[in-house]
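Following: one structure in structure tokens, then a few remarks.
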Amino acid sequence: MTTPSTNVLIRPGRIEDVETIHAAILRLGAHTGAHQEITSTPEDLRTYGFGENPAFSTLIAEVDGEFAGLCLHFPIFSTWMGRPGVYVQDLYVEDRFRGRRIGERLLRNVARECRKDGGAYLRLSVDSDNETAKAFYERLGIAWSSYEQVQKIVGDAFFAFADAPEE
């Protein structure tokens, strides 16, 4: 049984957190064995997360003023439900703070923010071989969707697709 941490502060990420956010994303990539896939830079996060029209938001968890974790998320919309929701791109908790329900607190805060704005759902993706994360999400009631599969196109293939002339 894990116990909640009583001295956890959850706050919005700020531009001065960019280096910390990026370092956490790199550690998340290393943890999942996909560090080689991360090509973002702190400058990318600064530009797209804290500019005039931010593409994402972050919540930062701190324990006694020390970085403990983050949740990077952005708004989405379901045409089937007719409601907004939130997509959690990255959830990360430092190893030494795991088991203190910090990840759960970050997700609940994101869900509350979404609900306050009329949202009705939360989505995220889990690496297919990350059994620990799957069990964590299942424990929180965030279930696997048996009727969906994530598809993507990235890099040069994306640019070629986007730049292809209309026929």
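Lettering and numbering for the structure tokens are positional, with chains as A, B, ... in the shown order, residues counted from 1 in each chain, and ligands counted from 1 in the shown order.
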
Report as an mmCIF file with all heavy atoms, in the first residue's frame all protein, DNA and RNA residues lying within 6 Å of Pro12 in chain A, evaluated on only C-alpha atoms, omitting residues in the same chain fewer than 5 positions from it.
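What landed in out_35.cif:
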```cif
data_model
loop_
_atom_site.group_PDB
_atom_site.id
_atom_site.type_symbol
_atom_site.label_atom_id
_atom_site.label_comp_id
_atom_site.auth_asym_id
_atom_site.auth_seq_id
_atom_site.Cartn_x
_atom_site.Cartn_y
_atom_site.Cartn_z
ATOM 1 N N THR A 58 2.043 22.203 -18.670
ATOM 2 C CA THR A 58 2.656 21.253 -17.752
ATOM 3 C C THR A 58 2.213 21.546 -16.332
ATOM 4 O O THR A 58 1.925 22.695 -15.975
ATOM 5 C CB THR A 58 4.199 21.324 -17.777
ATOM 6 O OG1 THR A 58 4.607 22.658 -17.547
ATOM 7 C CG2 THR A 58 4.765 20.828 -19.070
ATOM 8 N N LEU A 59 2.138 20.496 -15.569
ATOM 9 C CA LEU A 59 2.028 20.615 -14.124
ATOM 10 C C LEU A 59 3.297 20.020 -13.552
ATOM 11 O O LEU A 59 3.765 18.974 -14.013
ATOM 12 C CB LEU A 59 0.814 19.861 -13.583
ATOM 13 C CG LEU A 59 -0.548 20.480 -13.846
ATOM 14 C CD1 LEU A 59 -1.653 19.607 -13.253
ATOM 15 C CD2 LEU A 59 -0.634 21.891 -13.292
ATOM 16 N N ILE A 60 3.849 20.692 -12.566
ATOM 17 C CA ILE A 60 5.069 20.264 -11.908
ATOM 18 C C ILE A 60 4.727 19.864 -10.482
ATOM 19 O O ILE A 60 3.988 20.578 -9.796
ATOM 20 C CB ILE A 60 6.106 21.419 -11.866
ATOM 21 C CG1 ILE A 60 6.431 21.932 -13.270
ATOM 22 C CG2 ILE A 60 7.353 21.015 -11.084
ATOM 23 C CD1 ILE A 60 7.328 21.071 -14.087
#
```

For range 37-54 of chain A, find every residue with an atom within 6 Å (counting only C-alpha atoms), except residues of its own chain fewer than 5 positions away, and show them as a list of chain:residue names.
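Listing them by chain and then by number gives A:Val18, A:Glu19, A:His22.
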
Could those residues be written to a file, using all heavy atoms, as a CSV table (one decimal), in the first residue's frame?
```
chain,number,residue,atom,x,y,z
A,18,VAL,N,11.9,25.0,-18.1
A,18,VAL,CA,12.1,24.3,-19.4
A,18,VAL,C,13.2,23.3,-19.3
A,18,VAL,O,13.1,22.2,-19.7
A,18,VAL,CB,12.3,25.3,-20.5
A,18,VAL,CG1,12.9,24.6,-21.7
A,18,VAL,CG2,10.9,26.0,-20.9
A,19,GLU,N,14.3,23.7,-18.7
A,19,GLU,CA,15.5,22.8,-18.6
A,19,GLU,C,15.1,21.6,-17.8
A,19,GLU,O,15.5,20.4,-18.1
A,19,GLU,CB,16.7,23.5,-18.1
A,19,GLU,CG,17.2,24.6,-18.9
A,19,GLU,CD,17.9,24.2,-20.2
A,19,GLU,OE1,18.3,23.1,-20.4
A,19,GLU,OE2,17.9,25.1,-21.1
A,22,HIS,N,12.6,19.3,-19.8
A,22,HIS,CA,13.3,18.6,-20.8
A,22,HIS,C,14.2,17.5,-20.2
A,22,HIS,O,14.2,16.3,-20.8
A,22,HIS,CB,14.2,19.5,-21.7
A,22,HIS,CG,14.7,18.8,-22.9
A,22,HIS,ND1,16.0,18.3,-23.0
A,22,HIS,CD2,14.1,18.5,-24.1
A,22,HIS,CE1,16.1,17.8,-24.2
A,22,HIS,NE2,15.0,17.8,-24.8
```

Near-Pro75 in chain A list (12 Å; only C-alpha atoms; drop same-chain fewer than 6 positions) as a PyMOL selection string:
chain A and resi 54-58+83-89+110-111+113-115+117-124

Excluding range 136-142 of chain A and its own-chain neighbours fewer than 5 positions away, which residues fall within 12 Å of it when counting only C-alpha atoms? Please give them as a PyMOL selection string.
chain A and resi 2+88+91+98-99+101-105+107-108+111+121-126+130-131

Suppose you want the space between CA of Ala24 in chain A and CA of Val154 in chain A; what is it in Å?
22.4 Å

Rounded to one decimal in Å, what is the spacing between CA of Ile25 in chain A and CA of Glu66 in chain A?
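These two atoms are separated by 16.6 Å.
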
Which of chain A counts as strand (DSSP E) under DSSP, as an MDAnalysis selection string please?
chainID A and resid 8:12 57:63 66:78 83:93 122:124

May I have the selected residues written with C-alpha atoms, as a PDB file, in the first residue's frame?
```
ATOM      1  CA  VAL A   8       3.695  17.828  -2.344  1.00  0.00           C
ATOM      2  CA  LEU A   9       3.081  21.060  -4.220  1.00  0.00           C
ATOM      3  CA  ILE A  10       1.442  20.810  -7.647  1.00  0.00           C
ATOM      4  CA  ARG A  11       1.884  23.957  -9.726  1.00  0.00           C
ATOM      5  CA  PRO A  12       1.787  25.044 -13.363  1.00  0.00           C
ATOM      6  CA  SER A  57       0.763  22.835 -20.605  1.00  0.00           C
ATOM      7  CA  THR A  58       2.656  21.253 -17.752  1.00  0.00           C
ATOM      8  CA  LEU A  59       2.028  20.615 -14.124  1.00  0.00           C
ATOM      9  CA  ILE A  60       5.069  20.264 -11.908  1.00  0.00           C
ATOM     10  CA  ALA A  61       5.145  18.324  -8.639  1.00  0.00           C
ATOM     11  CA  GLU A  62       7.600  19.444  -5.987  1.00  0.00           C
ATOM     12  CA  VAL A  63       8.407  17.874  -2.648  1.00  0.00           C
ATOM     13  CA  GLU A  66      12.555  19.774  -5.080  1.00  0.00           C
ATOM     14  CA  PHE A  67      11.348  18.639  -8.521  1.00  0.00           C
ATOM     15  CA  ALA A  68       9.485  15.347  -8.102  1.00  0.00           C
ATOM     16  CA  GLY A  69       7.573  14.925 -11.362  1.00  0.00           C
ATOM     17  CA  LEU A  70       5.574  16.409 -14.188  1.00  0.00           C
ATOM     18  CA  CYS A  71       2.527  15.945 -16.347  1.00  0.00           C
ATOM     19  CA  LEU A  72       2.645  17.438 -19.846  1.00  0.00           C
ATOM     20  CA  HIS A  73      -0.801  17.690 -21.442  1.00  0.00           C
ATOM     21  CA  PHE A  74      -2.927  19.498 -24.013  1.00  0.00           C
ATOM     22  CA  PRO A  75      -6.617  19.923 -24.861  1.00  0.00           C
ATOM     23  CA  ILE A  76      -8.418  17.601 -27.268  1.00  0.00           C
ATOM     24  CA  PHE A  77     -12.013  17.265 -28.447  1.00  0.00           C
ATOM     25  CA  SER A  78     -14.306  14.279 -29.058  1.00  0.00           C
ATOM     26  CA  ARG A  83     -17.066  17.424 -25.344  1.00  0.00           C
ATOM     27  CA  PRO A  84     -13.529  18.588 -24.762  1.00  0.00           C
ATOM     28  CA  GLY A  85     -11.001  16.428 -23.007  1.00  0.00           C
ATOM     29  CA  VAL A  86      -7.327  16.331 -22.189  1.00  0.00           C
ATOM     30  CA  TYR A  87      -4.494  14.280 -23.648  1.00  0.00           C
ATOM     31  CA  VAL A  88      -1.638  13.415 -21.320  1.00  0.00           C
ATOM     32  CA  GLN A  89       1.520  13.241 -23.403  1.00  0.00           C
ATOM     33  CA  ASP A  90       4.033  12.628 -20.629  1.00  0.00           C
ATOM     34  CA  LEU A  91       3.690  11.643 -16.992  1.00  0.00           C
ATOM     35  CA  TYR A  92       6.953  11.326 -15.111  1.00  0.00           C
ATOM     36  CA  VAL A  93       7.851  10.885 -11.454  1.00  0.00           C
ATOM     37  CA  LEU A 122      -8.720  11.995 -20.347  1.00  0.00           C
ATOM     38  CA  ARG A 123      -6.664  10.069 -22.897  1.00  0.00           C
ATOM     39  CA  LEU A 124      -3.095   8.879 -22.930  1.00  0.00           C
TER      40      LEU A 124
END
```

Enumerate as a ChimeraX atom specification all residues of chain A assigned to helix (DSSP H, G or I) by DSSP on the backbone, naming them with the chain letters and numbers the document uses.
/A:15-32,35-37,42-50,95-97,102-116,131-140,155-163

Which is closest to Thr132 in chain A among A:Lys152, A:Lys116, A:Arg100, A:His31, if we use only C-alpha atoms?
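Once distances to Thr132 in chain A are computed over only C-alpha atoms, the minimum belongs to A:His31.
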
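Between CA of Ala157 in chain A and CA of Gly29 in chain A the interatomic distance comes to 22.5 Å.
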